[in-house]
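Asks: Sending over a structure as structure tokens; questions will come in a sec.
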Number of protein chains: 2
Amino acid sequence: MEKLKKYFEDIGFTGEALEKILESVILIEFKKNDFVVEEGKVAKYFGFVESGLFQYFVMVDGVEKTTYMNIEGTFLASVLSFVSQKPALESIRALTDGKLSLISRSNLKKLVTEVPGFKDFYIALLEHTICGIDASRHDLIVLTGEERYAKMLKEEPHLLQQIPLQYLASMLGVTPRHLSRIRGQVR
Amino acid sequence: MEKLKKYFEDIGFTGEALEKILESVILIEFKKNDFVVEEGKVAKYFGFVESGLFQYFVMVDGVEKTTYMNIEGTFLASVLSFVSQKPALESIRALTDGKLSLISRSNLKKLVTEVPGFKDFYIALLEHTICGIDASRHDLIVLTGEERYAKMLKEEPHLLQQIPLQYLASMLGVTPRHLSRIRGQVR
DNA sequence: ATCATTTCTGGACATTTGTCCAGTATCCTC
DNA sequence: GAGGATACTGGACAAATGTCCAGAAATGAT
């Protein structure tokens with residue numbers, strides 16, 4: 001859990017506090033196509049991507065719809081499920097081999113009450129998460145598939161290179177056929 | 001701010017804590033069409049709807065798109081802006097005369113540090129907000145306009161009665177023309 | 001390197017949804 | 001309760017996007 005450790009060091013956790021945090025976290029390896037969270041089951045962990053590419057998706061009428069992607073160095077969770085302990089609306093699985101640092105809800109709560117400063121970190125994390133989801137929701141409402149593609153091309157070209165186009169298409173809310181059309185127009 | 005007071009009493013705040021909370025909040029009246037937040041400006045307040053109906057919207061190519069609605073007894077905020085202090089992506093305005101209890105970010109932060117238990121309330125509020133936004137985002141991805149209408153009809157018929165159809169249409173992500181089509185089919 | 005598998009592209013056509021608009025219906029004001 | 005403003009419906013047509021599919025390209029396993 002090198003990456004996670006560095007992350008917490010960078011935001012100012014040291015010594016005992018850092019130790020307590022890292023003790024509460026487990027490191028799990030995932031093979032390509034392994035599930036982290038299954039739609040309909042309660043998400044047990046909040047994760048941090050040490051390595052690999054992870055896909056969030058839902059089955060709709062037998063077709064898989066990608067709702068989100070996580071790359072290295074970002075937090076991963078079926079937030080709604082983890083937070084409310086209700087069944088997850090989506091599944092998460094590894095698209096490549098990879099590793100996750102995972103923390104359970106009970107361990108997280110313990111850190112929140114026991115480690116000084118952790119509550120504020122958790123608040124900041126929640127606020128950051130809200131901003132991400134809200135911005136994404138905003139884009140879904142305001143932009144067309146084509147505009148979302150253009151935005152991605154501009155703002156996260158590294159993601160675009162990592163994600164197979166079929167997944168990218170459903171993330172953008174269009175069919176692969178239509179993404180092909182969009183890409184054709186750009187050229 | 002009767003409704004807000006009752007809300008905090010119900011979740012267990014009393015005496016001095018409750019007083020401190022209410023002292024940090026201001027009550028503002030809004031006339032129909034008054035703005036609470038303007039797109040492009042930083043949202044100064046987190047609000048609670050004492051009365052009235054409030055609409056979140058964005059202008060897209062000269063057309064207004066409704067992104068959300070708040071009714072009595074719910075929390076109102078351009079969350080992303082309030083939390084990150086970046087310019088708001090959407091405007092919020094009163095669709096009817098109404099009243100809001102408002103708290104500034106600095107006052108909120110003060111409550112978080114000074115009032116026992118308030119930090120936990122704020123965490124719960126953030127978590128609850130995340131669930132709401134995440135579920136809404138999920139619906140945007142997974143459901144069609146027609147299905148979103150059906151869901152609303154089933155789960156929040158009271159909202160449906162209060163919201164003029166033109167706003168409802170853009171909330172569902174369709175044109176009024178198409179909503180009319182959808183409603184025609186249901187009959 | 002070869003073959004099999006998976007992914008990507010783009011044609012032809014179908015469906016969904018949007019645009020424009022005119023006719024009603026509803027609501028508000030005096 | 002009459003007149004004007006605003007909101008709602010639905011026809012005709014247009015544009016955007018989906019479905020189905022076959023061939024090309026890329027990737028992976030032996």
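By convention here, the chains of the structure tokens are called A, B, ... in the order presented, each chain's residues are numbered starting at 1, and ligands are numbered starting at 1 in the order presented.
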After a least-squares superposition on chain A over all sequentially paired C-alpha atoms, what is chain B as a PDB file with C-alpha atoms, in the first residue's frame?
Replies:
```pdb
ATOM      1  CA  MET B   1      -0.009  -0.031  -0.018  1.00  0.00           C
ATOM      2  CA  GLU B   2       2.811   2.298  -0.943  1.00  0.00           C
ATOM      3  CA  LYS B   3       0.670   4.760  -2.837  1.00  0.00           C
ATOM      4  CA  LEU B   4      -1.851   5.125  -0.039  1.00  0.00           C
ATOM      5  CA  LYS B   5       0.878   5.637   2.546  1.00  0.00           C
ATOM      6  CA  LYS B   6       2.416   8.360   0.428  1.00  0.00           C
ATOM      7  CA  TYR B   7      -1.014   9.923  -0.004  1.00  0.00           C
ATOM      8  CA  PHE B   8      -1.569  10.197   3.751  1.00  0.00           C
ATOM      9  CA  GLU B   9       1.956  11.399   4.387  1.00  0.00           C
ATOM     10  CA  ASP B  10       1.462  14.100   1.801  1.00  0.00           C
ATOM     11  CA  ILE B  11      -1.609  15.426   3.564  1.00  0.00           C
ATOM     12  CA  GLY B  12       0.217  15.494   6.892  1.00  0.00           C
ATOM     13  CA  PHE B  13      -0.361  12.257   8.761  1.00  0.00           C
ATOM     14  CA  THR B  14       2.709  10.881  10.517  1.00  0.00           C
ATOM     15  CA  GLY B  15       3.828   8.581  13.322  1.00  0.00           C
ATOM     16  CA  GLU B  16       1.173   6.854  15.355  1.00  0.00           C
ATOM     17  CA  ALA B  17      -1.749   8.303  13.429  1.00  0.00           C
ATOM     18  CA  LEU B  18      -0.321   7.102  10.137  1.00  0.00           C
ATOM     19  CA  GLU B  19       0.370   3.691  11.622  1.00  0.00           C
ATOM     20  CA  LYS B  20      -3.173   3.374  12.899  1.00  0.00           C
ATOM     21  CA  ILE B  21      -4.510   4.290   9.504  1.00  0.00           C
ATOM     22  CA  LEU B  22      -2.354   1.776   7.671  1.00  0.00           C
ATOM     23  CA  GLU B  23      -3.195  -0.937  10.194  1.00  0.00           C
ATOM     24  CA  SER B  24      -6.878  -0.474   9.367  1.00  0.00           C
ATOM     25  CA  VAL B  25      -6.306  -1.024   5.686  1.00  0.00           C
ATOM     26  CA  ILE B  26      -5.851  -4.269   3.813  1.00  0.00           C
ATOM     27  CA  LEU B  27      -4.146  -4.682   0.465  1.00  0.00           C
ATOM     28  CA  ILE B  28      -5.885  -6.969  -2.000  1.00  0.00           C
ATOM     29  CA  GLU B  29      -4.772  -8.106  -5.429  1.00  0.00           C
ATOM     30  CA  PHE B  30      -7.254  -8.362  -8.261  1.00  0.00           C
ATOM     31  CA  LYS B  31      -6.914 -10.301 -11.466  1.00  0.00           C
ATOM     32  CA  LYS B  32      -8.452  -8.977 -14.653  1.00  0.00           C
ATOM     33  CA  ASN B  33     -12.248  -9.361 -14.461  1.00  0.00           C
ATOM     34  CA  ASP B  34     -12.340  -9.950 -10.683  1.00  0.00           C
ATOM     35  CA  PHE B  35     -15.223  -8.192  -8.955  1.00  0.00           C
ATOM     36  CA  VAL B  36     -14.646  -5.641  -6.206  1.00  0.00           C
ATOM     37  CA  VAL B  37     -18.322  -4.905  -5.639  1.00  0.00           C
ATOM     38  CA  GLU B  38     -21.350  -6.730  -6.990  1.00  0.00           C
ATOM     39  CA  GLU B  39     -24.558  -4.958  -7.936  1.00  0.00           C
ATOM     40  CA  GLY B  40     -27.223  -5.819  -5.381  1.00  0.00           C
ATOM     41  CA  LYS B  41     -24.801  -6.580  -2.559  1.00  0.00           C
ATOM     42  CA  VAL B  42     -23.684  -4.135   0.098  1.00  0.00           C
ATOM     43  CA  ALA B  43     -20.265  -2.590  -0.541  1.00  0.00           C
ATOM     44  CA  LYS B  44     -18.063  -3.492   2.395  1.00  0.00           C
ATOM     45  CA  TYR B  45     -15.048  -1.369   1.562  1.00  0.00           C
ATOM     46  CA  PHE B  46     -13.879   2.026   0.536  1.00  0.00           C
ATOM     47  CA  GLY B  47     -10.863   1.602  -1.705  1.00  0.00           C
ATOM     48  CA  PHE B  48      -7.782   3.324  -3.041  1.00  0.00           C
ATOM     49  CA  VAL B  49      -6.313   2.198  -6.342  1.00  0.00           C
ATOM     50  CA  GLU B  50      -2.668   1.182  -5.900  1.00  0.00           C
ATOM     51  CA  SER B  51      -2.489  -0.043  -9.477  1.00  0.00           C
ATOM     52  CA  GLY B  52      -4.705  -1.139 -12.311  1.00  0.00           C
ATOM     53  CA  LEU B  53      -7.882   0.047 -14.004  1.00  0.00           C
ATOM     54  CA  PHE B  54     -11.315  -0.490 -12.468  1.00  0.00           C
ATOM     55  CA  GLN B  55     -14.683  -0.275 -14.131  1.00  0.00           C
ATOM     56  CA  TYR B  56     -18.083   0.538 -12.606  1.00  0.00           C
ATOM     57  CA  PHE B  57     -21.000  -0.859 -14.546  1.00  0.00           C
ATOM     58  CA  VAL B  58     -24.656  -1.824 -14.532  1.00  0.00           C
ATOM     59  CA  MET B  59     -26.482  -4.383 -16.595  1.00  0.00           C
ATOM     60  CA  VAL B  60     -29.404  -2.775 -18.417  1.00  0.00           C
ATOM     61  CA  ASP B  61     -31.569  -5.071 -20.546  1.00  0.00           C
ATOM     62  CA  GLY B  62     -28.696  -7.500 -20.853  1.00  0.00           C
ATOM     63  CA  VAL B  63     -26.301  -4.774 -21.935  1.00  0.00           C
ATOM     64  CA  GLU B  64     -23.456  -3.533 -19.802  1.00  0.00           C
ATOM     65  CA  LYS B  65     -23.357   0.194 -19.136  1.00  0.00           C
ATOM     66  CA  THR B  66     -20.164   1.675 -17.758  1.00  0.00           C
ATOM     67  CA  THR B  67     -20.875   4.373 -15.220  1.00  0.00           C
ATOM     68  CA  TYR B  68     -17.366   5.261 -14.094  1.00  0.00           C
ATOM     69  CA  MET B  69     -13.703   4.323 -14.199  1.00  0.00           C
ATOM     70  CA  ASN B  70     -10.922   4.546 -11.635  1.00  0.00           C
ATOM     71  CA  ILE B  71      -7.230   4.671 -12.341  1.00  0.00           C
ATOM     72  CA  GLU B  72      -4.153   4.483 -10.127  1.00  0.00           C
ATOM     73  CA  GLY B  73      -3.999   6.906  -7.238  1.00  0.00           C
ATOM     74  CA  THR B  74      -7.713   7.585  -6.940  1.00  0.00           C
ATOM     75  CA  PHE B  75     -10.391   6.564  -4.441  1.00  0.00           C
ATOM     76  CA  LEU B  76     -12.776   3.812  -5.419  1.00  0.00           C
ATOM     77  CA  ALA B  77     -16.162   3.042  -3.920  1.00  0.00           C
ATOM     78  CA  SER B  78     -19.726   2.300  -4.676  1.00  0.00           C
ATOM     79  CA  VAL B  79     -20.279   5.370  -2.545  1.00  0.00           C
ATOM     80  CA  LEU B  80     -23.997   5.157  -2.149  1.00  0.00           C
ATOM     81  CA  SER B  81     -23.821   1.582  -0.945  1.00  0.00           C
ATOM     82  CA  PHE B  82     -20.824   2.057   1.303  1.00  0.00           C
ATOM     83  CA  VAL B  83     -22.282   5.118   2.913  1.00  0.00           C
ATOM     84  CA  SER B  84     -25.863   3.939   3.328  1.00  0.00           C
ATOM     85  CA  GLN B  85     -25.143   0.213   3.585  1.00  0.00           C
ATOM     86  CA  LYS B  86     -27.846  -0.408   1.020  1.00  0.00           C
ATOM     87  CA  PRO B  87     -27.358  -2.753  -1.944  1.00  0.00           C
ATOM     88  CA  ALA B  88     -25.017  -1.350  -4.565  1.00  0.00           C
ATOM     89  CA  LEU B  89     -26.571   0.029  -7.735  1.00  0.00           C
ATOM     90  CA  GLU B  90     -23.533  -0.958  -9.762  1.00  0.00           C
ATOM     91  CA  SER B  91     -20.766  -3.511  -9.904  1.00  0.00           C
ATOM     92  CA  ILE B  92     -17.082  -2.730  -9.873  1.00  0.00           C
ATOM     93  CA  ARG B  93     -14.500  -4.984 -11.451  1.00  0.00           C
ATOM     94  CA  ALA B  94     -10.868  -4.958 -12.468  1.00  0.00           C
ATOM     95  CA  LEU B  95     -10.300  -4.327 -16.173  1.00  0.00           C
ATOM     96  CA  THR B  96      -6.632  -5.149 -15.713  1.00  0.00           C
ATOM     97  CA  ASP B  97      -4.694  -6.903 -12.969  1.00  0.00           C
ATOM     98  CA  GLY B  98      -4.359  -4.495 -10.084  1.00  0.00           C
ATOM     99  CA  LYS B  99      -4.177  -3.808  -6.375  1.00  0.00           C
ATOM    100  CA  LEU B 100      -6.503  -2.000  -4.006  1.00  0.00           C
ATOM    101  CA  SER B 101      -6.034  -0.739  -0.490  1.00  0.00           C
ATOM    102  CA  LEU B 102      -9.359  -1.344   1.227  1.00  0.00           C
ATOM    103  CA  ILE B 103     -10.917  -0.135   4.445  1.00  0.00           C
ATOM    104  CA  SER B 104     -14.138  -1.393   5.983  1.00  0.00           C
ATOM    105  CA  ARG B 105     -16.876   0.939   7.180  1.00  0.00           C
ATOM    106  CA  SER B 106     -16.336  -0.046  10.810  1.00  0.00           C
ATOM    107  CA  ASN B 107     -12.600   0.540  10.590  1.00  0.00           C
ATOM    108  CA  LEU B 108     -13.209   3.845   8.883  1.00  0.00           C
ATOM    109  CA  LYS B 109     -15.597   4.913  11.615  1.00  0.00           C
ATOM    110  CA  LYS B 110     -13.050   3.883  14.215  1.00  0.00           C
ATOM    111  CA  LEU B 111     -10.417   6.046  12.566  1.00  0.00           C
ATOM    112  CA  VAL B 112     -12.875   8.920  12.434  1.00  0.00           C
ATOM    113  CA  THR B 113     -13.381   8.810  16.194  1.00  0.00           C
ATOM    114  CA  GLU B 114      -9.923   7.736  17.316  1.00  0.00           C
ATOM    115  CA  VAL B 115      -7.356   9.363  15.064  1.00  0.00           C
ATOM    116  CA  PRO B 116      -6.976  13.118  15.555  1.00  0.00           C
ATOM    117  CA  GLY B 117      -7.539  14.937  12.312  1.00  0.00           C
ATOM    118  CA  PHE B 118      -9.034  11.965  10.549  1.00  0.00           C
ATOM    119  CA  LYS B 119     -12.574  13.264  10.886  1.00  0.00           C
ATOM    120  CA  ASP B 120     -11.531  16.372   9.029  1.00  0.00           C
ATOM    121  CA  PHE B 121      -9.852  14.276   6.396  1.00  0.00           C
ATOM    122  CA  TYR B 122     -13.040  12.258   6.005  1.00  0.00           C
ATOM    123  CA  ILE B 123     -15.100  15.425   5.676  1.00  0.00           C
ATOM    124  CA  ALA B 124     -12.713  16.676   3.025  1.00  0.00           C
ATOM    125  CA  LEU B 125     -12.911  13.327   1.243  1.00  0.00           C
ATOM    126  CA  LEU B 126     -16.707  13.402   1.280  1.00  0.00           C
ATOM    127  CA  GLU B 127     -16.737  16.959   0.036  1.00  0.00           C
ATOM    128  CA  HIS B 128     -14.317  16.069  -2.712  1.00  0.00           C
ATOM    129  CA  THR B 129     -16.403  13.051  -3.658  1.00  0.00           C
ATOM    130  CA  ILE B 130     -19.534  15.167  -3.799  1.00  0.00           C
ATOM    131  CA  CYS B 131     -17.841  17.600  -6.147  1.00  0.00           C
ATOM    132  CA  GLY B 132     -16.797  14.787  -8.436  1.00  0.00           C
ATOM    133  CA  ILE B 133     -20.209  13.177  -8.591  1.00  0.00           C
ATOM    134  CA  ASP B 134     -22.006  16.489  -8.883  1.00  0.00           C
ATOM    135  CA  ALA B 135     -19.790  17.636 -11.730  1.00  0.00           C
ATOM    136  CA  SER B 136     -20.281  14.340 -13.493  1.00  0.00           C
ATOM    137  CA  ARG B 137     -24.037  14.554 -13.066  1.00  0.00           C
ATOM    138  CA  HIS B 138     -23.925  18.089 -14.383  1.00  0.00           C
ATOM    139  CA  ASP B 139     -22.079  16.943 -17.494  1.00  0.00           C
ATOM    140  CA  LEU B 140     -24.630  14.219 -18.089  1.00  0.00           C
ATOM    141  CA  ILE B 141     -27.381  16.811 -18.065  1.00  0.00           C
ATOM    142  CA  VAL B 142     -25.694  19.610 -19.928  1.00  0.00           C
ATOM    143  CA  LEU B 143     -23.417  17.982 -22.482  1.00  0.00           C
ATOM    144  CA  THR B 144     -24.109  15.702 -25.417  1.00  0.00           C
ATOM    145  CA  GLY B 145     -22.157  12.488 -25.909  1.00  0.00           C
ATOM    146  CA  GLU B 146     -20.048  14.265 -28.446  1.00  0.00           C
ATOM    147  CA  GLU B 147     -19.262  17.108 -26.056  1.00  0.00           C
ATOM    148  CA  ARG B 148     -18.398  14.688 -23.287  1.00  0.00           C
ATOM    149  CA  TYR B 149     -15.963  13.003 -25.649  1.00  0.00           C
ATOM    150  CA  ALA B 150     -14.400  16.332 -26.562  1.00  0.00           C
ATOM    151  CA  LYS B 151     -14.098  17.253 -22.893  1.00  0.00           C
ATOM    152  CA  MET B 152     -12.439  13.997 -22.048  1.00  0.00           C
ATOM    153  CA  LEU B 153     -10.088  14.355 -24.987  1.00  0.00           C
ATOM    154  CA  LYS B 154      -9.067  17.738 -23.646  1.00  0.00           C
ATOM    155  CA  GLU B 155      -9.045  17.151 -19.909  1.00  0.00           C
ATOM    156  CA  GLU B 156      -8.074  13.535 -19.444  1.00  0.00           C
ATOM    157  CA  PRO B 157      -6.299  12.274 -22.543  1.00  0.00           C
ATOM    158  CA  HIS B 158      -4.385   9.793 -20.364  1.00  0.00           C
ATOM    159  CA  LEU B 159      -7.673   8.131 -19.359  1.00  0.00           C
ATOM    160  CA  LEU B 160      -8.699   7.982 -22.971  1.00  0.00           C
ATOM    161  CA  GLN B 161      -5.599   6.034 -23.824  1.00  0.00           C
ATOM    162  CA  GLN B 162      -6.148   3.483 -21.082  1.00  0.00           C
ATOM    163  CA  ILE B 163      -9.830   2.802 -21.582  1.00  0.00           C
ATOM    164  CA  PRO B 164     -10.954   0.472 -24.362  1.00  0.00           C
ATOM    165  CA  LEU B 165     -13.346   2.346 -26.641  1.00  0.00           C
ATOM    166  CA  GLN B 166     -16.321   0.109 -25.927  1.00  0.00           C
ATOM    167  CA  TYR B 167     -16.188   1.066 -22.245  1.00  0.00           C
ATOM    168  CA  LEU B 168     -15.496   4.670 -23.060  1.00  0.00           C
ATOM    169  CA  ALA B 169     -18.572   4.720 -25.286  1.00  0.00           C
ATOM    170  CA  SER B 170     -20.903   3.532 -22.580  1.00  0.00           C
ATOM    171  CA  MET B 171     -19.275   5.905 -20.098  1.00  0.00           C
ATOM    172  CA  LEU B 172     -20.089   8.737 -22.465  1.00  0.00           C
ATOM    173  CA  GLY B 173     -23.633   7.432 -22.681  1.00  0.00           C
ATOM    174  CA  VAL B 174     -23.513   6.382 -26.315  1.00  0.00           C
ATOM    175  CA  THR B 175     -23.175   3.116 -28.209  1.00  0.00           C
ATOM    176  CA  PRO B 176     -19.808   2.050 -29.625  1.00  0.00           C
ATOM    177  CA  ARG B 177     -21.346   2.599 -33.045  1.00  0.00           C
ATOM    178  CA  HIS B 178     -22.031   6.198 -32.223  1.00  0.00           C
ATOM    179  CA  LEU B 179     -18.663   6.815 -30.606  1.00  0.00           C
ATOM    180  CA  SER B 180     -17.099   5.598 -33.811  1.00  0.00           C
ATOM    181  CA  ARG B 181     -19.202   8.174 -35.631  1.00  0.00           C
ATOM    182  CA  ILE B 182     -18.084  10.901 -33.256  1.00  0.00           C
ATOM    183  CA  ARG B 183     -14.443   9.972 -33.622  1.00  0.00           C
ATOM    184  CA  GLY B 184     -14.871   9.865 -37.363  1.00  0.00           C
ATOM    185  CA  GLN B 185     -16.164  13.433 -37.372  1.00  0.00           C
ATOM    186  CA  VAL B 186     -13.309  14.735 -35.250  1.00  0.00           C
ATOM    187  CA  ARG B 187     -10.841  13.466 -37.853  1.00  0.00           C
TER     188      ARG B 187
END
```
Asks: Which residues, written as a PyMOL selection string, have at least one atom at most 12 Å from D:DT30, with only C-alpha atoms (C1' of nucleotides) counted and residues fewer than 6 positions away on the same chain left out?
Replies: chain C and resi 1-4
Asks: Pull N, CA and C atoms (P, O5', C5', C4', C3', O3' and C1' of nucleotides) from the residues just selected and write them as a PDB file, in the first residue's frame.
Replies:
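What ended up in selection-v4.pdb:
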```
ATOM      1  P    DA C   1       8.653 -13.805 -36.410  1.00  0.00           P
ATOM      2  O5'  DA C   1       7.400 -14.552 -37.029  1.00  0.00           O
ATOM      3  C5'  DA C   1       7.487 -15.138 -38.310  1.00  0.00           C
ATOM      4  C4'  DA C   1       6.502 -16.250 -38.314  1.00  0.00           C
ATOM      5  C3'  DA C   1       5.185 -15.910 -38.998  1.00  0.00           C
ATOM      6  O3'  DA C   1       4.740 -17.086 -39.624  1.00  0.00           O
ATOM      7  C1'  DA C   1       4.773 -16.371 -36.705  1.00  0.00           C
ATOM      8  P    DT C   2       3.431 -17.121 -40.604  1.00  0.00           P
ATOM      9  O5'  DT C   2       2.362 -17.687 -39.581  1.00  0.00           O
ATOM     10  C5'  DT C   2       2.543 -18.998 -39.045  1.00  0.00           C
ATOM     11  C4'  DT C   2       1.228 -19.491 -38.463  1.00  0.00           C
ATOM     12  C3'  DT C   2      -0.026 -19.068 -39.219  1.00  0.00           C
ATOM     13  O3'  DT C   2      -0.936 -20.158 -39.146  1.00  0.00           O
ATOM     14  C1'  DT C   2      -0.113 -18.196 -37.015  1.00  0.00           C
ATOM     15  P    DC C   3      -2.262 -20.247 -40.062  1.00  0.00           P
ATOM     16  O5'  DC C   3      -3.370 -20.328 -38.926  1.00  0.00           O
ATOM     17  C5'  DC C   3      -3.189 -21.213 -37.812  1.00  0.00           C
ATOM     18  C4'  DC C   3      -4.073 -20.749 -36.677  1.00  0.00           C
ATOM     19  C3'  DC C   3      -5.499 -20.375 -37.096  1.00  0.00           C
ATOM     20  O3'  DC C   3      -6.391 -21.130 -36.291  1.00  0.00           O
ATOM     21  C1'  DC C   3      -4.531 -18.651 -35.775  1.00  0.00           C
ATOM     22  P    DA C   4      -7.983 -20.995 -36.474  1.00  0.00           P
ATOM     23  O5'  DA C   4      -8.330 -20.254 -35.111  1.00  0.00           O
ATOM     24  C5'  DA C   4      -7.712 -20.698 -33.895  1.00  0.00           C
ATOM     25  C4'  DA C   4      -8.158 -19.794 -32.765  1.00  0.00           C
ATOM     26  C3'  DA C   4      -9.644 -19.424 -32.817  1.00  0.00           C
ATOM     27  O3'  DA C   4     -10.140 -19.472 -31.485  1.00  0.00           O
ATOM     28  C1'  DA C   4      -8.327 -17.451 -32.903  1.00  0.00           C
TER      29       DA C   4
END
```
Asks: Quick one, how far is atom C1' of C:DG18 from atom C1' of D:DC20?
Replies: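 Result for atom C1' of C:DG18 versus atom C1' of D:DC20: 24.5 Å, one decimal.
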Asks: Just to confirm, what's the straight-line distance from atom C1' of D:DG3 to atom C1' of C:DC21 in Å (one decimal)?
Replies: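 Between these atoms lies a distance of 23.2 Å.
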Asks: Do you have the atom C1' of C:DC8-atom C1' of D:DA15 distance handy?
Replies: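 Spanning atom C1' of C:DC8 to atom C1' of D:DA15 is a straight-line distance of 25.4 Å.
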Asks: Do me a favour and pick out the residues of chain D within 10 Å of chain A, using only C-alpha atoms (C1' of nucleotides), as a ChimeraX atom specification.
Replies: /D:16-19
Asks: Which of chain B end up as alpha helix (DSSP H) when DSSP is run on this backbone - answer as a PyMOL selection string?
Replies: chain B and resi 2-10+15-23+79-84+105-114+118-142+145-155+157-162+165-172+176-186
Asks: Tell me the residues of chain C close to chain A, meaning within 10 Å using only C-alpha atoms (C1' of nucleotides), as a list in words.
Replies: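 Using only C-alpha atoms (C1' of nucleotides), chain C residues at most 10 Å from chain A: DT7, DC8, DT9 and DG10 of chain C.
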Asks: Give me a file of those residues, with N, CA and C atoms (P, O5', C5', C4', C3', O3' and C1' of nucleotides), as a PDB file, in the first residue's frame.
Replies:
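And here is the file that came out, again-v7.pdb:
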```
ATOM      1  P    DT C   7     -13.115  -7.321 -26.112  1.00  0.00           P
ATOM      2  O5'  DT C   7     -12.707  -6.342 -27.305  1.00  0.00           O
ATOM      3  C5'  DT C   7     -11.350  -5.901 -27.399  1.00  0.00           C
ATOM      4  C4'  DT C   7     -11.233  -4.952 -28.557  1.00  0.00           C
ATOM      5  C3'  DT C   7     -12.234  -3.788 -28.526  1.00  0.00           C
ATOM      6  O3'  DT C   7     -11.476  -2.600 -28.658  1.00  0.00           O
ATOM      7  C1'  DT C   7     -12.233  -4.833 -30.639  1.00  0.00           C
ATOM      8  P    DC C   8     -12.161  -1.160 -28.600  1.00  0.00           P
ATOM      9  O5'  DC C   8     -12.300  -0.823 -30.152  1.00  0.00           O
ATOM     10  C5'  DC C   8     -11.111  -0.671 -30.926  1.00  0.00           C
ATOM     11  C4'  DC C   8     -11.487  -0.447 -32.360  1.00  0.00           C
ATOM     12  C3'  DC C   8     -12.456   0.718 -32.591  1.00  0.00           C
ATOM     13  O3'  DC C   8     -11.781   1.690 -33.377  1.00  0.00           O
ATOM     14  C1'  DC C   8     -13.075  -1.232 -33.817  1.00  0.00           C
ATOM     15  P    DT C   9     -12.583   2.972 -33.904  1.00  0.00           P
ATOM     16  O5'  DT C   9     -13.193   2.464 -35.276  1.00  0.00           O
ATOM     17  C5'  DT C   9     -12.374   2.472 -36.437  1.00  0.00           C
ATOM     18  C4'  DT C   9     -13.204   2.065 -37.620  1.00  0.00           C
ATOM     19  C3'  DT C   9     -14.221   3.108 -38.074  1.00  0.00           C
ATOM     20  O3'  DT C   9     -13.850   3.524 -39.380  1.00  0.00           O
ATOM     21  C1'  DT C   9     -15.183   0.927 -37.958  1.00  0.00           C
ATOM     22  P    DG C  10     -14.437   4.893 -39.960  1.00  0.00           P
ATOM     23  O5'  DG C  10     -15.713   4.352 -40.743  1.00  0.00           O
ATOM     24  C5'  DG C  10     -15.541   3.372 -41.745  1.00  0.00           C
ATOM     25  C4'  DG C  10     -16.888   2.814 -42.123  1.00  0.00           C
ATOM     26  C3'  DG C  10     -17.986   3.872 -42.326  1.00  0.00           C
ATOM     27  O3'  DG C  10     -18.689   3.540 -43.501  1.00  0.00           O
ATOM     28  C1'  DG C  10     -18.744   2.230 -40.866  1.00  0.00           C
TER      29       DG C  10
END
```
Asks: Counting only C-alpha atoms (C1' of nucleotides), what is within 12 Å of C:DG23, bar same-chain residues fewer than 5 positions away, as number ranges by chain?
Replies: D: 8-11
Asks: Taking only chain A into account, list the residues labelled strand (DSSP E) by DSSP (computed from the backbone), as a CSV table (one decimal) with C-alpha atoms, in the first residue's frame.
Replies:
```csv
chain,number,residue,atom,x,y,z
A,26,ILE,CA,-5.8,-4.3,3.8
A,27,LEU,CA,-4.1,-4.7,0.5
A,28,ILE,CA,-5.9,-6.9,-2.0
A,29,GLU,CA,-4.8,-8.1,-5.4
A,30,PHE,CA,-7.2,-8.4,-8.3
A,35,PHE,CA,-15.2,-8.2,-9.0
A,36,VAL,CA,-14.6,-5.6,-6.2
A,37,VAL,CA,-18.3,-4.9,-5.7
A,45,TYR,CA,-15.0,-1.4,1.6
A,46,PHE,CA,-13.9,2.0,0.5
A,47,GLY,CA,-10.8,1.6,-1.7
A,48,PHE,CA,-7.8,3.3,-3.0
A,49,VAL,CA,-6.3,2.2,-6.3
A,50,GLU,CA,-2.7,1.2,-5.9
A,51,SER,CA,-2.5,0.0,-9.5
A,54,PHE,CA,-11.3,-0.5,-12.5
A,55,GLN,CA,-14.7,-0.3,-14.1
A,56,TYR,CA,-18.1,0.5,-12.6
A,57,PHE,CA,-21.0,-0.9,-14.6
A,58,VAL,CA,-24.6,-1.8,-14.5
A,59,MET,CA,-26.5,-4.4,-16.6
A,60,VAL,CA,-29.4,-2.7,-18.4
A,63,VAL,CA,-26.3,-4.8,-21.9
A,64,GLU,CA,-23.5,-3.5,-19.8
A,65,LYS,CA,-23.4,0.2,-19.1
A,66,THR,CA,-20.2,1.7,-17.8
A,67,THR,CA,-20.9,4.4,-15.2
A,68,TYR,CA,-17.4,5.3,-14.1
A,69,MET,CA,-13.7,4.3,-14.2
A,70,ASN,CA,-10.9,4.5,-11.7
A,75,PHE,CA,-10.4,6.6,-4.4
A,76,LEU,CA,-12.7,3.8,-5.4
A,91,SER,CA,-20.7,-3.5,-9.9
A,92,ILE,CA,-17.1,-2.7,-9.9
A,93,ARG,CA,-14.5,-5.0,-11.5
A,94,ALA,CA,-10.9,-5.0,-12.5
A,98,GLY,CA,-4.3,-4.5,-10.1
A,99,LYS,CA,-4.2,-3.8,-6.4
A,100,LEU,CA,-6.5,-2.0,-4.0
A,101,SER,CA,-6.0,-0.7,-0.5
A,102,LEU,CA,-9.3,-1.3,1.2
A,103,ILE,CA,-10.9,-0.1,4.5
A,104,SER,CA,-14.1,-1.4,6.0
```
